[in-house]
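Enquirer: This is the structure I have questions about; it appears just below.
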Amino acid sequence: MTYNNYRLLVPLLALLVFGCTKVDAGDASVADTAVHDAEVAVASTDELMAKGQGVYNANCAACHQPNGQGLTGAFPPLAGSDYLKGDRKKVMGAALFGLSGPITVNGVEYNGVMPSLGHLPDQDLAAALTYVFGSWGNDGAAVSVAEVTALRAELGQTDRAAGERHQGATEGELTYQGAPSAMSGEDIRQVMAAGGPVLSEAEFGTATQLYFERCAGCHGVLRKGATGKPLTPDITKEKGTDYLKALITYGSPAGMPNWGTSGEMSAEQIDIMARFLQQEPPAPPEYGMPQMKASWNLIVAPKDRPTKPQHSRNIENFFSVTLRDSGEVAIIDGDTKEIVTRLKTGYAVHISRVSASGRYVFTIGRDAKVDMIDLWMDPPARVAEIKVGLEARSVETSKYKGYEDKYAVAGSYWPPQYTIMDGDTLEPLKIVSTRGMTVDTQEYHPEPRVAAIVASHYHPDFIINVKETGHILLVDYSNIDDLAVTDIGAAKFLHDGGWDRSKRYFLTAANQSDKIAVVDSKERKLVALADVTKTPHPGRGANLDDPKYGPVWVTSALGNANVTFLGTDPEGHPDNAWKTVRVIDGMGGGSLFVKSHPKSSNLWVDAPLNPDTGFSQSIAVFDVNNVEAGFEVLPIAEWADLGEGPKRVVQPEYNKAGDEVWFSVWSGKEQESAIVVVDDKTRELKAVIKDAGLITPTGKFNVYNTLHDVY
């Protein structure tokens, strides 16, 4: 949910693009109009109008009103608009790219921002444009799907994941970052703002729950803004209840979904939310040592655990697989493709990490629950658990010589902090807050979340990304009583990252700053801030030997189809070190993971968040030795042979031998999902793993590759 400043909300116009450039009315020829009418004859104009009205109401009516009249001085009218009589191609182009700057419509000046609606399918754009061109006294010709498709190609907007429904954030980013918070409204205290509308205790509870489920992922727990804009009372009270209700119902040009017309919120809930947003943001409770101690459960003490593996399976080729919506992980035998066991864990496990000994898997859910799984047991079982906060994403274990398995660390989103625990038992030992100043403007941020954590191979350091403030912390765990922390200023909105092949340099995405930060873990300093294109999302990245540029590290992106190669060899190829040496085109934006292997000549790139199912249900694979030749598309979801569902193909993961690649085919909780195994050499289907308990599989972590940072 997001509400921009009033002057910026102007023409949501979502998709109908009432034309945002003034042109002569005579540019569209009669012949062109006849062609358009012929093309839409397959679907009657009445059918297009009916569909278009629905798309319009869901995306545009909040600003331009259901009757197309707009709001004088704020949102331009579409009814009888002189802009719609201009150059047809330019009018349609505004729907794909949006518009900013002063315009005059029917003699009235407007100055705001209309977002791109390029994320919408061509069918929806054509229908909405047809509806607008043919309603409220307008007499424009119908718009065909072919016409929209051709214009996309001409204007370079074929990748819908690059569309910006939310100003400054692509559709791929919104799909990723708009996920609900794992927190609930329990134990949250209501603070009434002077002059704000009143909520009952029951309404406050409802609104808090809705906010965490729908809005906190973009706007932050304290409503200070993150991907979404701030929603603090100084902004929302100016709007007023009726205005906010309209925006919540229909959506906004700043990217808020249409919660009302989509049916996801009732009129009563929308009224409650509109009043709630004008109150002071309620802060969830802090979560410190007393709460952690109370949640800590040592299920099997170290002295009671096996002294050797209790089964003959190949533990190093186990996969820990997140079953997102069932709150479980599956342990799958990579040799036999059997599901060895499923274990209840935290909700929507974000990652699995392996202890230095290779015996234990540590998982962390979005609900900040950490589970420790003993792979020696038959079947593998949880031996300890703890909650380190109310929401979290990252966990890691100590790997430096002499400290193997000694400590574990978990980073929290709320409260913003990291917790060092005993590596054998998960007993909490030390909690450190990450609240502080941003790296650029030196402003205090109350909610800087902990993103990725990796363990250094050169020092007893945990390397911790602090997302909103842009600091990378090198936490020396050799003496946790007198903790020494090296604070490296990088760039804001730090996210995931991984090691180069030498495991000396940590490369991590500052994805909203469009940079890759490079940390020398041996010298404990920042060596580069490399520029990349919009919104890198590497996962842990991929390490390759480029035939022209030598060793490189690769990232894909949420915001575009670019696959970016950075040189990583300052000694052998100093001219290429920490620079973008190659950019190639993947299938499309909305990519989450790239993957390769030292024994493979393939580079795999997914696109699960792309709005086009042709991309999201497939995988792109490049020949590392000839990446400029382009990619081959493999129909992974088709190979899975599933029923209905989104069937998003996500996260390539190699087996230990490096001769198989595993893909999750991720559908809805009530739908069938699968894991597809592909032969890396032949690129042919090798196996499909299905099971009624394989619910929404996403991340997969091979024990050997995760432990040894092979990617």
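Quick note on naming: the chains in the structure tokens go A, B, ... in the order shown, residues restart at 1 in each chain, and ligands are numbered from 1 in order of appearance.
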Within 6 Å of Pro416 (chain A), counting only C-alpha atoms, which residues show up once you throw out same-chain ones fewer than 4 positions away? Write them as a list in words, please.

Expert: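 With the cut-off at 6 Å, the set is Ser412, Thr434, Glu447, Pro448 and Arg449 of chain A.
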
Enquirer: Residues within 6 Å of region 577-582 of chain A, please, as a ChimeraX atom specification. Count only C-alpha atoms; anything in the same chain fewer than 3 positions from it doesn't count.

Expert: /A:565-570,574

Enquirer: Residues near Val583 (chain A), anyone? I mean within 10 Å using only C-alpha atoms, not counting same-chain ones fewer than 6 positions away, as a list in words.

Expert: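 Those residues are Val532, Thr533, Val554, Thr555, Ser556, Ala561, Asn562, Val563, Thr564, Phe565, Leu566, Val627 and Glu628 of chain A.
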
Enquirer: Could you give me, as a JSON list (two decimals) with C-alpha atoms, in the first residue's frame, the residues within 7 Å of Asp606 (chain A), counting only C-alpha atoms and dropping anything in the same chain fewer than 4 positions from it?

Expert:
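File written: out25.json
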[["chain", "number", "residue", "atom", "x", "y", "z"],
["A", 591, "SER", "CA", 14.91, -12.73, -12.10],
["A", 592, "LEU", "CA", 15.86, -13.90, -8.61],
["A", 593, "PHE", "CA", 18.76, -16.31, -9.12],
["A", 594, "VAL", "CA", 21.65, -17.14, -11.42],
["A", 619, "ILE", "CA", 14.56, -21.18, -17.56],
["A", 620, "ALA", "CA", 17.22, -19.53, -19.70],
["A", 649, "VAL", "CA", 10.28, -21.73, -12.00],
["A", 650, "VAL", "CA", 12.72, -20.56, -9.36],
["A", 651, "GLN", "CA", 16.28, -21.04, -8.11]]

Enquirer: Measuring between only C-alpha atoms, which one of A:Thr419, A:Asp623, A:Arg504, A:Val485 shows the shortest distance to Asp546 (chain A)?

Expert: A:Asp623

Enquirer: Please give the complete set of residues from region 354-561 of chain A that DSSP, run on the backbone, assigns to strand (DSSP E or B), formatted as JSON, numbers by chain.

Expert: {"A": [354, 360, 361, 362, 363, 364, 369, 370, 371, 372, 373, 374, 381, 382, 383, 384, 385, 386, 387, 391, 392, 393, 394, 395, 396, 397, 407, 408, 409, 410, 411, 412, 413, 414, 417, 418, 419, 420, 421, 422, 428, 429, 430, 431, 432, 433, 436, 437, 444, 445, 450, 451, 452, 453, 454, 455, 461, 462, 463, 464, 465, 466, 471, 472, 473, 474, 475, 476, 484, 485, 486, 487, 488, 489, 494, 495, 496, 497, 498, 499, 505, 506, 507, 508, 509, 510, 515, 516, 517, 518, 519, 520, 525, 526, 527, 528, 529, 530, 531, 536, 537, 538, 539, 540, 541, 542, 543, 544, 545, 546, 550, 551, 552, 553, 554, 555, 556, 557]}

Enquirer: What are the DSSP alpha helix (DSSP H) residues of region 123-189 of chain A, as a list in words?

Expert: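 Residues meeting the alpha helix (DSSP H) criterion: Gln123, Asp124, Leu125, Ala126, Ala127, Ala128, Leu129, Thr130, Tyr131, Val132, Phe133, Val145, Ala146, Glu147, Val148, Thr149, Ala150, Leu151, Arg152, Ala153, Glu154, Leu155, Glu171, Gly172, Glu173, Leu174, Thr175, Tyr176 and Gln177 of chain A.
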
Enquirer: Skip Thr72 (chain A) itself and residues of its chain fewer than 4 positions away, then list as a list in words all residues within 9 Å of it, counting only C-alpha atoms.

Expert: Pro76, Pro77, Val108 and Tyr110 of chain A

Enquirer: Which of these, A:Thr261, A:Thr706, A:Asn59, A:Ser502, has the shortest distance to Asn317 (chain A) once you count only C-alpha atoms?

Expert: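 Nearest to Asn317 (chain A): A:Thr706.
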
Enquirer: Hey, which of A:Leu129, A:Leu78, A:Ala207, A:Ala491 ends up closest to Ala517 (chain A)? Count only C-alpha atoms.

Expert: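 Closest to Ala517 (chain A), using only C-alpha atoms: A:Ala491.
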
Enquirer: Hey, what's within 9 Å of Gly327 (chain A) if we count only C-alpha atoms and toss same-chain stuff fewer than 2 positions away? As an NGL selection string, please?

Expert: :A and (322-325 or 329 or 343-349 or 365)

Enquirer: Excluding same-chain residues fewer than 4 positions from Ser456 (chain A), what lies within 9 Å of it counting only C-alpha atoms, as a list in words?

Expert: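 Listed by chain and then number, they are Ser398, Lys399, Tyr400, Pro460, Asp461, Phe462, Ile463, Leu474, Lys503, Arg504, Phe506, Ser521 and Lys522 of chain A.
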